[in-house]
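Engineer: Sending over a structure as structure tokens; questions will come in a sec.
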Amino acid sequence: MTRTRTAVVIGGGIGGLTAAAALHLSGLRVTVLERAPSLRPVGAAISLSPNALRALDVIGLGDEIRALAAWQGDGGLRTPGGRWLSRSSAEAAEARFGGPLVLLHRSTLVERLAALLPPEAVRTAADAVLTDPGDRDRPARVRLPDGELEADLVVGADGIHSAVRRTLFPRHPGTVYSGFTTWRVVIPVPGVEFASHETWGPGRLWGTHPLKDGRVYAYAAAVTPAGGHAADERAELLHRYGDWHDPIPAVLAAARPEDVLRHDVHHIAEPLPSYHLGRAVLLGDAAHAMPPTLGQGGNQAIEDAVVLAHHSQDLAAYTAARLPRTTAVARQAVRVARLNMMGSRTGIAVRDAALLALSKAGPALFLRGFDGIADWRPPQPPYASRRTQVGER
């Protein structure tokens, strides 16, 4: 009788749950260990591009998430005064990459992913420690307050401050401060209509986007020393962005101080030597934390998850498939951060003029930035999405 292989996933975020679902569908018995008391994610919204949606097709979730797409009509890049630097549309994005861009609340995606797993597969308030990554001849081991688990595979999906990463690669320097902090809100803003946009100012940016449920997702970023916090983060946003174009003042007027989340941004500047050691493997921010300037952090974690399920018995193949791609995407995110967080007024004038010229010459910079990223496809055929299957013929 063939023994069922086992996997332990440390971390119940989007990457960890996607990996758990993909491994479960591949026939492994999966246990997800989340140290928080619930799976409710800390955060606001997540942007899913066609590459991640194709990965979600593999676990049968792609079309359900595509149905949540809210971006319609025009969008693009603006100046703080409201001038459009580069314009695009949802239709142009879908035509270029074979699928929509979808913004949804993180909790919505977490709920959909968790529903793909047996209820007993998820353990919350479970503070797990990888004690032995194992090798070909012995299982990996994970310690919990109430005992120990052995597994054929341990997945470190424990985020940017990953303890699994430190255990596997103790000499790696870890993350560095990216030079800026971010704010995020998801709130209703009644009576306000706007085109989806991102606005670039001197050392600052703002984005405002509609969600399918009628709420507005807004985010901001600013170059600032690490570790800063304001007594009232809404007041801080008013100070920095209150005189920018509509609908930014209306969003700030609708927000309460408790609606605003603030986080410094860190990334892994020096790529890891590998994404696996023994029977343990890393994915998502634990493996390749990157600035959010391409909106690819969660997308790359979802890609990781389905590729890992495809190569679950050959982790070297997983590293070979994922390390070069995620390193390239992370480096591009750093380059984009330097561009859109630029502080020099002379540099900004040159940048904005170039954006205007490029937008007249071809596809908007917003779309060009996803070339080679959004067109990715998983190594295994999807179990869902007639649209994707037809597109592959």
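Within each chain, counting starts at residue 1; across the structure tokens, chains are named A, B, ... in the order shown, with ligands numbered 1 upward in that order.
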Please tabulate, as JSON lines, the residues of segment 211-298 of chain A that come within 10 Å of segment 370-377 of chain A, each with its closest pair of atoms and the distance in Å to one decimal, counting only C-alpha atoms and ordering rows by chain, then residue number upward.
Structural biologist:
```
{"residue": "A:Leu294", "atom": "CA", "partner": "A:Phe370", "partner_atom": "CA", "distance": 7.9}
{"residue": "A:Gly295", "atom": "CA", "partner": "A:Phe370", "partner_atom": "CA", "distance": 10.0}
{"residue": "A:Gln296", "atom": "CA", "partner": "A:Ile373", "partner_atom": "CA", "distance": 8.8}
```
Engineer: Restricting the output to C-alpha atoms, write the selected residues as a PDB file, in the first residue's frame.
Structural biologist:
```pdb
ATOM      1  CA  LEU A 294       4.796  46.285  -9.412  1.00  0.00           C
ATOM      2  CA  GLY A 295       2.066  44.800  -7.243  1.00  0.00           C
ATOM      3  CA  GLN A 296       3.740  41.408  -7.664  1.00  0.00           C
TER       4      GLN A 296
END
```
Engineer: Can you check which residues of segment 147-377 of chain A DSSP gives as alpha helix (DSSP H) on the backbone and send them as a tab-separated table (two decimals) with N, CA, C and O atoms, in the first residue's frame?
Structural biologist:
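Output contents, as saved in selection-v4.tsv:
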```tsv
chain	number	residue	atom	x	y	z
A	163	ALA	N	11.31	33.01	9.87
A	163	ALA	CA	12.20	32.23	10.73
A	163	ALA	C	12.71	30.99	10.00
A	163	ALA	O	13.83	30.53	10.24
A	164	VAL	N	11.89	30.45	9.08
A	164	VAL	CA	12.35	29.30	8.30
A	164	VAL	C	13.53	29.69	7.43
A	164	VAL	O	14.51	28.94	7.31
A	165	ARG	N	13.48	30.86	6.82
A	165	ARG	CA	14.62	31.33	6.01
A	165	ARG	C	15.88	31.44	6.85
A	165	ARG	O	16.96	31.01	6.42
A	166	ARG	N	15.77	31.98	8.04
A	166	ARG	CA	16.96	32.11	8.90
A	166	ARG	C	17.50	30.74	9.30
A	166	ARG	O	18.71	30.56	9.43
A	167	THR	N	16.62	29.78	9.49
A	167	THR	CA	17.07	28.43	9.84
A	167	THR	C	17.81	27.78	8.67
A	167	THR	O	18.86	27.15	8.86
A	168	LEU	N	17.27	27.93	7.47
A	168	LEU	CA	17.88	27.29	6.30
A	168	LEU	C	19.14	28.00	5.84
A	168	LEU	O	20.11	27.34	5.42
A	233	GLU	N	-2.39	58.81	11.76
A	233	GLU	CA	-1.90	58.56	10.40
A	233	GLU	C	-2.80	59.21	9.34
A	233	GLU	O	-2.33	59.58	8.27
A	234	ARG	N	-4.09	59.37	9.62
A	234	ARG	CA	-4.95	60.09	8.67
A	234	ARG	C	-4.49	61.54	8.56
A	234	ARG	O	-4.44	62.10	7.45
A	235	ALA	N	-4.18	62.16	9.68
A	235	ALA	CA	-3.68	63.54	9.64
A	235	ALA	C	-2.36	63.62	8.88
A	235	ALA	O	-2.11	64.61	8.17
A	236	GLU	N	-1.55	62.61	9.04
A	236	GLU	CA	-0.28	62.56	8.29
A	236	GLU	C	-0.54	62.51	6.79
A	236	GLU	O	0.12	63.19	6.00
A	237	LEU	N	-1.52	61.71	6.37
A	237	LEU	CA	-1.87	61.65	4.96
A	237	LEU	C	-2.45	62.97	4.46
A	237	LEU	O	-2.15	63.41	3.34
A	238	LEU	N	-3.27	63.61	5.28
A	238	LEU	CA	-3.79	64.92	4.89
A	238	LEU	C	-2.67	65.92	4.68
A	238	LEU	O	-2.70	66.73	3.74
A	239	HIS	N	-1.68	65.88	5.54
A	239	HIS	CA	-0.54	66.78	5.42
A	239	HIS	C	0.23	66.54	4.13
A	239	HIS	O	0.65	67.49	3.45
A	240	ARG	N	0.39	65.27	3.77
A	240	ARG	CA	1.21	64.93	2.60
A	240	ARG	C	0.43	64.98	1.28
A	240	ARG	O	1.02	65.28	0.23
A	241	TYR	N	-0.87	64.68	1.31
A	241	TYR	CA	-1.61	64.49	0.06
A	241	TYR	C	-2.91	65.29	-0.02
A	241	TYR	O	-3.64	65.18	-1.00
A	248	ILE	N	-8.69	62.31	-4.24
A	248	ILE	CA	-7.87	62.07	-3.05
A	248	ILE	C	-8.41	62.80	-1.83
A	248	ILE	O	-8.54	62.19	-0.74
A	249	PRO	N	-8.77	64.09	-1.92
A	249	PRO	CA	-9.33	64.75	-0.73
A	249	PRO	C	-10.61	64.07	-0.21
A	249	PRO	O	-10.83	63.98	1.00
A	250	ALA	N	-11.45	63.57	-1.14
A	250	ALA	CA	-12.69	62.92	-0.72
A	250	ALA	C	-12.39	61.60	0.00
A	250	ALA	O	-13.08	61.25	0.98
A	251	VAL	N	-11.40	60.86	-0.47
A	251	VAL	CA	-11.02	59.61	0.20
A	251	VAL	C	-10.51	59.90	1.61
A	251	VAL	O	-10.89	59.24	2.58
A	252	LEU	N	-9.68	60.93	1.74
A	252	LEU	CA	-9.14	61.28	3.05
A	252	LEU	C	-10.25	61.78	3.98
A	252	LEU	O	-10.22	61.50	5.18
A	253	ALA	N	-11.22	62.48	3.42
A	253	ALA	CA	-12.33	62.96	4.25
A	253	ALA	C	-13.18	61.80	4.76
A	253	ALA	O	-13.74	61.87	5.86
A	254	ALA	N	-13.28	60.73	3.97
A	254	ALA	CA	-14.10	59.58	4.36
A	254	ALA	C	-13.39	58.64	5.32
A	254	ALA	O	-14.03	57.82	5.99
A	285	ASP	N	7.19	36.01	0.25
A	285	ASP	CA	8.09	36.98	0.87
A	285	ASP	C	9.22	36.31	1.63
A	285	ASP	O	10.30	36.90	1.78
A	286	ALA	N	9.01	35.13	2.12
A	286	ALA	CA	10.09	34.42	2.81
A	286	ALA	C	11.27	34.16	1.88
A	286	ALA	O	12.42	34.12	2.31
A	287	ALA	N	10.98	34.02	0.58
A	287	ALA	CA	12.01	33.71	-0.40
A	287	ALA	C	12.50	34.93	-1.15
A	287	ALA	O	13.70	35.04	-1.47
A	288	HIS	N	11.60	35.87	-1.46
A	288	HIS	CA	11.98	36.95	-2.38
A	288	HIS	C	11.17	38.21	-2.12
A	288	HIS	O	10.57	38.79	-3.05
A	297	GLY	N	4.17	41.08	-5.28
A	297	GLY	CA	4.55	40.24	-4.14
A	297	GLY	C	3.65	39.04	-3.96
A	297	GLY	O	4.09	37.89	-3.97
A	298	GLY	N	2.35	39.28	-3.83
A	298	GLY	CA	1.40	38.18	-3.68
A	298	GLY	C	1.26	37.35	-4.93
A	298	GLY	O	1.08	36.13	-4.88
A	299	ASN	N	1.37	38.00	-6.10
A	299	ASN	CA	1.26	37.28	-7.36
A	299	ASN	C	2.38	36.26	-7.51
A	299	ASN	O	2.15	35.11	-7.94
A	300	GLN	N	3.60	36.66	-7.16
A	300	GLN	CA	4.72	35.74	-7.27
A	300	GLN	C	4.61	34.61	-6.25
A	300	GLN	O	5.02	33.47	-6.51
A	301	ALA	N	4.05	34.89	-5.08
A	301	ALA	CA	3.82	33.83	-4.10
A	301	ALA	C	2.83	32.80	-4.63
A	301	ALA	O	3.01	31.58	-4.42
A	302	ILE	N	1.79	33.25	-5.31
A	302	ILE	CA	0.81	32.33	-5.89
A	302	ILE	C	1.45	31.50	-6.99
A	302	ILE	O	1.22	30.28	-7.09
A	303	GLU	N	2.26	32.14	-7.83
A	303	GLU	CA	3.03	31.38	-8.83
A	303	GLU	C	3.89	30.31	-8.15
A	303	GLU	O	3.91	29.15	-8.55
A	304	ASP	N	4.66	30.74	-7.13
A	304	ASP	CA	5.51	29.80	-6.39
A	304	ASP	C	4.72	28.57	-5.97
A	304	ASP	O	5.19	27.43	-6.09
A	305	ALA	N	3.53	28.81	-5.45
A	305	ALA	CA	2.75	27.73	-4.85
A	305	ALA	C	2.40	26.65	-5.85
A	305	ALA	O	2.54	25.45	-5.56
A	306	VAL	N	1.93	27.04	-7.04
A	306	VAL	CA	1.53	26.01	-8.00
A	306	VAL	C	2.75	25.36	-8.64
A	306	VAL	O	2.71	24.16	-8.98
A	307	VAL	N	3.85	26.09	-8.78
A	307	VAL	CA	5.07	25.48	-9.30
A	307	VAL	C	5.63	24.49	-8.28
A	307	VAL	O	6.12	23.41	-8.63
A	308	LEU	N	5.55	24.84	-7.01
A	308	LEU	CA	6.00	23.91	-5.97
A	308	LEU	C	5.19	22.63	-6.01
A	308	LEU	O	5.75	21.52	-5.90
A	309	ALA	N	3.88	22.72	-6.15
A	309	ALA	CA	3.05	21.51	-6.23
A	309	ALA	C	3.46	20.66	-7.42
A	309	ALA	O	3.46	19.42	-7.35
A	310	HIS	N	3.84	21.30	-8.51
A	310	HIS	CA	4.27	20.58	-9.71
A	310	HIS	C	5.60	19.86	-9.48
A	310	HIS	O	5.82	18.77	-10.02
A	315	LEU	N	12.72	19.36	-5.41
A	315	LEU	CA	12.80	20.75	-4.98
A	315	LEU	C	13.88	21.52	-5.71
A	315	LEU	O	13.80	22.76	-5.82
A	316	ALA	N	14.89	20.83	-6.22
A	316	ALA	CA	15.91	21.52	-7.03
A	316	ALA	C	15.27	22.09	-8.29
A	316	ALA	O	15.63	23.18	-8.76
A	317	ALA	N	14.31	21.36	-8.86
A	317	ALA	CA	13.60	21.86	-10.04
A	317	ALA	C	12.75	23.07	-9.69
A	317	ALA	O	12.61	24.00	-10.49
A	318	TYR	N	12.17	23.08	-8.49
A	318	TYR	CA	11.41	24.25	-8.03
A	318	TYR	C	12.32	25.47	-7.94
A	318	TYR	O	11.98	26.55	-8.46
A	319	THR	N	13.48	25.31	-7.31
A	319	THR	CA	14.42	26.43	-7.23
A	319	THR	C	14.83	26.90	-8.61
A	319	THR	O	14.87	28.11	-8.89
A	320	ALA	N	15.13	25.97	-9.50
A	320	ALA	CA	15.56	26.33	-10.86
A	320	ALA	C	14.48	27.09	-11.61
A	320	ALA	O	14.76	27.99	-12.40
A	321	ALA	N	13.22	26.74	-11.35
A	321	ALA	CA	12.12	27.41	-12.04
A	321	ALA	C	11.81	28.78	-11.45
A	321	ALA	O	11.42	29.70	-12.17
A	322	ARG	N	11.98	28.93	-10.14
A	322	ARG	CA	11.48	30.13	-9.48
A	322	ARG	C	12.55	31.17	-9.14
A	322	ARG	O	12.27	32.37	-9.18
A	323	LEU	N	13.75	30.75	-8.79
A	323	LEU	CA	14.74	31.73	-8.33
A	323	LEU	C	15.09	32.75	-9.41
A	323	LEU	O	15.09	33.97	-9.13
A	324	PRO	N	15.39	32.36	-10.66
A	324	PRO	CA	15.72	33.38	-11.67
A	324	PRO	C	14.55	34.32	-11.95
A	324	PRO	O	14.75	35.54	-12.09
A	325	ARG	N	13.35	33.78	-12.05
A	325	ARG	CA	12.21	34.64	-12.37
A	325	ARG	C	11.92	35.62	-11.25
A	325	ARG	O	11.75	36.82	-11.50
A	326	THR	N	11.83	35.15	-10.02
A	326	THR	CA	11.48	36.05	-8.93
A	326	THR	C	12.59	37.06	-8.66
A	326	THR	O	12.31	38.19	-8.27
A	327	THR	N	13.84	36.66	-8.86
A	327	THR	CA	14.94	37.61	-8.72
A	327	THR	C	14.80	38.74	-9.73
A	327	THR	O	14.97	39.92	-9.41
A	328	ALA	N	14.47	38.39	-10.97
A	328	ALA	CA	14.30	39.41	-12.01
A	328	ALA	C	13.13	40.33	-11.70
A	328	ALA	O	13.23	41.56	-11.87
A	329	VAL	N	12.01	39.76	-11.24
A	329	VAL	CA	10.84	40.59	-10.91
A	329	VAL	C	11.16	41.50	-9.73
A	329	VAL	O	10.80	42.69	-9.73
A	330	ALA	N	11.84	40.97	-8.72
A	330	ALA	CA	12.19	41.79	-7.55
A	330	ALA	C	13.11	42.94	-7.93
A	330	ALA	O	12.94	44.08	-7.46
A	331	ARG	N	14.08	42.68	-8.80
A	331	ARG	CA	14.97	43.75	-9.23
A	331	ARG	C	14.23	44.81	-10.03
A	331	ARG	O	14.51	46.01	-9.92
A	332	GLN	N	13.27	44.38	-10.84
A	332	GLN	CA	12.47	45.34	-11.59
A	332	GLN	C	11.64	46.19	-10.64
A	332	GLN	O	11.48	47.39	-10.85
A	333	ALA	N	11.10	45.58	-9.59
A	333	ALA	CA	10.32	46.34	-8.60
A	333	ALA	C	11.17	47.40	-7.92
A	333	ALA	O	10.71	48.51	-7.65
A	334	VAL	N	12.43	47.08	-7.64
A	334	VAL	CA	13.35	48.06	-7.05
A	334	VAL	C	13.62	49.20	-8.03
A	334	VAL	O	13.62	50.38	-7.65
A	335	ARG	N	13.81	48.88	-9.30
A	335	ARG	CA	14.04	49.93	-10.31
A	335	ARG	C	12.83	50.84	-10.44
A	335	ARG	O	12.97	52.06	-10.54
A	336	VAL	N	11.63	50.26	-10.43
A	336	VAL	CA	10.42	51.07	-10.54
A	336	VAL	C	10.29	51.96	-9.31
A	336	VAL	O	9.86	53.13	-9.41
A	337	ALA	N	10.66	51.47	-8.13
A	337	ALA	CA	10.60	52.29	-6.92
A	337	ALA	C	11.50	53.51	-7.05
A	337	ALA	O	11.13	54.62	-6.62
A	338	ARG	N	12.66	53.33	-7.63
A	338	ARG	CA	13.56	54.48	-7.82
A	338	ARG	C	12.93	55.50	-8.76
A	338	ARG	O	13.11	56.71	-8.61
A	339	LEU	N	12.18	55.02	-9.74
A	339	LEU	CA	11.56	55.91	-10.72
A	339	LEU	C	10.37	56.65	-10.14
A	339	LEU	O	10.27	57.87	-10.24
A	340	ASN	N	9.46	55.90	-9.49
A	340	ASN	CA	8.23	56.58	-9.06
A	340	ASN	C	8.36	57.26	-7.70
A	340	ASN	O	7.48	58.04	-7.32
A	345	ARG	N	13.38	67.52	-8.52
A	345	ARG	CA	12.42	68.17	-9.40
A	345	ARG	C	12.87	68.14	-10.86
A	345	ARG	O	12.04	67.99	-11.76
A	346	THR	N	14.17	68.27	-11.08
A	346	THR	CA	14.67	68.17	-12.44
A	346	THR	C	14.44	66.78	-12.99
A	346	THR	O	13.97	66.59	-14.12
A	347	GLY	N	14.78	65.78	-12.18
A	347	GLY	CA	14.56	64.39	-12.60
A	347	GLY	C	13.10	64.10	-12.85
A	347	GLY	O	12.74	63.39	-13.80
A	348	ILE	N	12.21	64.65	-12.01
A	348	ILE	CA	10.78	64.43	-12.18
A	348	ILE	C	10.29	65.05	-13.49
A	348	ILE	O	9.49	64.45	-14.22
A	349	ALA	N	10.79	66.24	-13.81
A	349	ALA	CA	10.38	66.88	-15.06
A	349	ALA	C	10.80	66.04	-16.27
A	349	ALA	O	10.02	65.86	-17.22
A	350	VAL	N	12.01	65.51	-16.22
A	350	VAL	CA	12.49	64.65	-17.32
A	350	VAL	C	11.67	63.37	-17.38
A	350	VAL	O	11.25	62.92	-18.45
A	351	ARG	N	11.42	62.77	-16.21
A	351	ARG	CA	10.63	61.53	-16.15
A	351	ARG	C	9.23	61.74	-16.71
A	351	ARG	O	8.75	60.95	-17.54
A	352	ASP	N	8.57	62.81	-16.29
A	352	ASP	CA	7.20	63.04	-16.72
A	352	ASP	C	7.13	63.32	-18.22
A	352	ASP	O	6.19	62.87	-18.90
A	353	ALA	N	8.12	64.05	-18.73
A	353	ALA	CA	8.14	64.30	-20.18
A	353	ALA	C	8.32	63.00	-20.95
A	353	ALA	O	7.69	62.79	-21.99
A	354	ALA	N	9.17	62.13	-20.42
A	354	ALA	CA	9.39	60.83	-21.08
A	354	ALA	C	8.12	59.98	-21.03
A	354	ALA	O	7.79	59.30	-22.00
A	355	LEU	N	7.40	60.03	-19.91
A	355	LEU	CA	6.16	59.27	-19.81
A	355	LEU	C	5.13	59.75	-20.83
A	355	LEU	O	4.46	58.94	-21.47
A	356	LEU	N	5.01	61.05	-20.97
A	356	LEU	CA	4.08	61.60	-21.95
A	356	LEU	C	4.44	61.16	-23.36
A	356	LEU	O	3.58	60.77	-24.15
A	357	ALA	N	5.74	61.22	-23.67
A	357	ALA	CA	6.18	60.83	-25.02
A	357	ALA	C	5.95	59.35	-25.26
A	357	ALA	O	5.48	58.94	-26.33
A	358	LEU	N	6.26	58.53	-24.26
A	358	LEU	CA	6.08	57.08	-24.41
A	358	LEU	C	4.61	56.72	-24.57
A	358	LEU	O	4.26	55.82	-25.35
A	359	SER	N	3.75	57.40	-23.84
A	359	SER	CA	2.33	57.06	-23.90
A	359	SER	C	1.74	57.40	-25.27
A	359	SER	O	0.78	56.76	-25.71
A	360	LYS	N	2.32	58.39	-25.95
A	360	LYS	CA	1.85	58.72	-27.29
A	360	LYS	C	2.39	57.76	-28.34
A	360	LYS	O	1.80	57.59	-29.40
A	361	ALA	N	3.53	57.13	-28.02
A	361	ALA	CA	4.19	56.27	-29.00
A	361	ALA	C	3.71	54.83	-28.98
A	361	ALA	O	3.94	54.07	-29.93
A	365	LEU	N	2.99	53.04	-20.11
A	365	LEU	CA	4.07	52.48	-19.31
A	365	LEU	C	3.52	51.47	-18.30
A	365	LEU	O	4.15	50.46	-18.01
A	366	PHE	N	2.34	51.76	-17.79
A	366	PHE	CA	1.71	50.85	-16.84
A	366	PHE	C	1.62	49.44	-17.41
A	366	PHE	O	1.87	48.45	-16.72
A	367	LEU	N	1.26	49.32	-18.69
A	367	LEU	CA	1.15	48.00	-19.32
A	367	LEU	C	2.52	47.45	-19.68
A	367	LEU	O	2.78	46.26	-19.53
A	368	ARG	N	3.40	48.30	-20.18
A	368	ARG	CA	4.74	47.83	-20.56
A	368	ARG	C	5.48	47.22	-19.37
A	368	ARG	O	6.26	46.28	-19.53
```
Engineer: List as a VMD selection string the protein and nucleic acid residues near segment 139-150 of chain A, meaning an atom at most 8 Å away when only C-alpha atoms are counted, but skip any in the same chain fewer than 6 places from it.
Structural biologist: chain A and resid 126 to 133 278 to 280
Engineer: Quick check, in Å to one decimal: how far apart do atom CA of Ile187 of chain A and atom CA of Leu113 of chain A lie?
Structural biologist: 23.4 Å
Engineer: Applying 6 Å and only C-alpha atoms, which residues near segment 267-274 of chain A remain after dropping the ones on its own chain fewer than 5 positions away? List them as a list of chain:residue names.
Structural biologist: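 In the requested format, the answer is A:Thr175, A:Val176, A:His288, A:Ala289, A:Met290.
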Engineer: At what distance in Å, to one decimal, does atom CA of Arg123 of chain A lie from atom CA of Ser38 of chain A?
Structural biologist: 8.8 Å
Engineer: Restricting the calculation to only C-alpha atoms: of A:His24, A:His197, A:Arg171, A:Arg112, which residue gets closest to Arg78 of chain A?
Structural biologist: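 Nearest candidate to Arg78 of chain A out of A:His24, A:His197, A:Arg171, A:Arg112: A:His197.
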Engineer: How many Å lie between atom CA of Ala218 of chain A and atom CA of Ala45 of chain A, rounded to one decimal?
Structural biologist: 8.9 Å
Engineer: Kindly indicate which residue among A:His245, A:Arg96, A:Arg40, A:Arg262 lies nearest to Thr199 of chain A, using only C-alpha atoms for the distances.
Structural biologist: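 Among A:His245, A:Arg96, A:Arg40, A:Arg262, it is A:His245 that comes nearest to Thr199 of chain A.
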Engineer: Would you please give, as a PyMOL selection string, all residues of segment 276-383 of chain A that DSSP assigns to strand (DSSP E) based on the backbone?
Structural biologist: chain A and resi 276-277+280-282
Engineer: Deliver the residues from the most recent selection as a file, using all heavy atoms, as a PDB file, in the first residue's frame.
Structural biologist:
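Generated file (result.pdb):
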```
ATOM      1  N   HIS A 276      15.457  26.058  -1.485  1.00  0.00           N
ATOM      2  CA  HIS A 276      15.206  24.824  -0.751  1.00  0.00           C
ATOM      3  C   HIS A 276      16.484  24.336  -0.082  1.00  0.00           C
ATOM      4  O   HIS A 276      17.596  24.696  -0.483  1.00  0.00           O
ATOM      5  CB  HIS A 276      14.674  23.728  -1.684  1.00  0.00           C
ATOM      6  CG  HIS A 276      15.742  23.112  -2.543  1.00  0.00           C
ATOM      7  ND1 HIS A 276      16.280  23.752  -3.645  1.00  0.00           N
ATOM      8  CD2 HIS A 276      16.406  21.925  -2.445  1.00  0.00           C
ATOM      9  CE1 HIS A 276      17.207  22.982  -4.202  1.00  0.00           C
ATOM     10  NE2 HIS A 276      17.297  21.871  -3.486  1.00  0.00           N
ATOM     11  N   LEU A 277      16.301  23.527   0.933  1.00  0.00           N
ATOM     12  CA  LEU A 277      17.392  22.809   1.584  1.00  0.00           C
ATOM     13  C   LEU A 277      16.781  21.575   2.211  1.00  0.00           C
ATOM     14  O   LEU A 277      15.822  21.668   2.986  1.00  0.00           O
ATOM     15  CB  LEU A 277      18.064  23.670   2.655  1.00  0.00           C
ATOM     16  CG  LEU A 277      19.265  23.022   3.369  1.00  0.00           C
ATOM     17  CD1 LEU A 277      20.433  22.854   2.394  1.00  0.00           C
ATOM     18  CD2 LEU A 277      19.688  23.858   4.575  1.00  0.00           C
ATOM     19  N   ALA A 280      12.886  21.040   3.005  1.00  0.00           N
ATOM     20  CA  ALA A 280      12.234  22.316   3.315  1.00  0.00           C
ATOM     21  C   ALA A 280      12.401  23.275   2.146  1.00  0.00           C
ATOM     22  O   ALA A 280      13.419  23.287   1.456  1.00  0.00           O
ATOM     23  CB  ALA A 280      12.816  22.920   4.581  1.00  0.00           C
ATOM     24  N   VAL A 281      11.385  24.108   1.954  1.00  0.00           N
ATOM     25  CA  VAL A 281      11.358  25.005   0.807  1.00  0.00           C
ATOM     26  C   VAL A 281      10.747  26.336   1.238  1.00  0.00           C
ATOM     27  O   VAL A 281       9.943  26.392   2.178  1.00  0.00           O
ATOM     28  CB  VAL A 281      10.549  24.354  -0.347  1.00  0.00           C
ATOM     29  CG1 VAL A 281       9.095  24.193   0.045  1.00  0.00           C
ATOM     30  CG2 VAL A 281      10.664  25.134  -1.632  1.00  0.00           C
ATOM     31  N   LEU A 282      11.145  27.409   0.568  1.00  0.00           N
ATOM     32  CA  LEU A 282      10.625  28.746   0.851  1.00  0.00           C
ATOM     33  C   LEU A 282       9.791  29.232  -0.322  1.00  0.00           C
ATOM     34  O   LEU A 282      10.073  28.897  -1.476  1.00  0.00           O
ATOM     35  CB  LEU A 282      11.780  29.728   1.077  1.00  0.00           C
ATOM     36  CG  LEU A 282      12.686  29.460   2.273  1.00  0.00           C
ATOM     37  CD1 LEU A 282      13.928  30.334   2.182  1.00  0.00           C
ATOM     38  CD2 LEU A 282      11.949  29.727   3.583  1.00  0.00           C
TER      39      LEU A 282
END
```
Engineer: So that I can check the surroundings of segment 65-72 of chain A, please list as JSON, numbers by chain every protein, DNA and RNA residue that reaches within 6 Å of it, counting only C-alpha atoms and ignoring chain neighbours fewer than 6 positions away.
Structural biologist: {"A": [90, 102, 211, 212]}
Engineer: Go ahead and save the residues from that selection, with N, CA, C and O atoms, as a PDB file, in the first residue's frame.
Structural biologist:
```pdb
ATOM      1  N   ALA A  90      -8.892  48.952 -18.957  1.00  0.00           N
ATOM      2  CA  ALA A  90      -9.025  47.543 -18.605  1.00  0.00           C
ATOM      3  C   ALA A  90      -9.026  46.675 -19.856  1.00  0.00           C
ATOM      4  O   ALA A  90      -8.451  45.584 -19.875  1.00  0.00           O
ATOM      5  N   VAL A 102      -7.273  42.186 -11.372  1.00  0.00           N
ATOM      6  CA  VAL A 102      -8.341  42.106 -10.370  1.00  0.00           C
ATOM      7  C   VAL A 102      -7.832  42.648  -9.044  1.00  0.00           C
ATOM      8  O   VAL A 102      -6.791  42.206  -8.547  1.00  0.00           O
ATOM      9  N   LEU A 211     -13.185  48.769  -5.852  1.00  0.00           N
ATOM     10  CA  LEU A 211     -13.344  47.335  -5.623  1.00  0.00           C
ATOM     11  C   LEU A 211     -14.743  46.905  -6.065  1.00  0.00           C
ATOM     12  O   LEU A 211     -15.656  47.717  -6.152  1.00  0.00           O
ATOM     13  N   LYS A 212     -14.904  45.622  -6.321  1.00  0.00           N
ATOM     14  CA  LYS A 212     -16.177  45.094  -6.795  1.00  0.00           C
ATOM     15  C   LYS A 212     -17.299  45.306  -5.791  1.00  0.00           C
ATOM     16  O   LYS A 212     -18.466  45.487  -6.166  1.00  0.00           O
TER      17      LYS A 212
END
```
Engineer: Calculated over only C-alpha atoms, which of the candidates A:Ala93, A:Leu28, A:Val9, A:Arg184 has the smallest distance to Ser49 of chain A?
Structural biologist: A:Ala93
Engineer: Please list as a PyMOL selection string every residue within 7 Å of Tyr219 of chain A, counting only C-alpha atoms and excluding residues in the same chain fewer than 4 positions away.
Structural biologist: chain A and resi 183-185+206-208
Engineer: Which residue, A:Met342, A:Ala19, A:Leu33, A:Ile10, has the smallest gap to Val122 of chain A when you use only C-alpha atoms?
Structural biologist: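 Result for the nearest residue to Val122 of chain A: A:Leu33.
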Engineer: Could you tell me which of A:Ala44, A:Ala121, A:Pro80, A:Val155 comes closest to Arg106 of chain A if we count only C-alpha atoms?
Structural biologist: A:Ala44
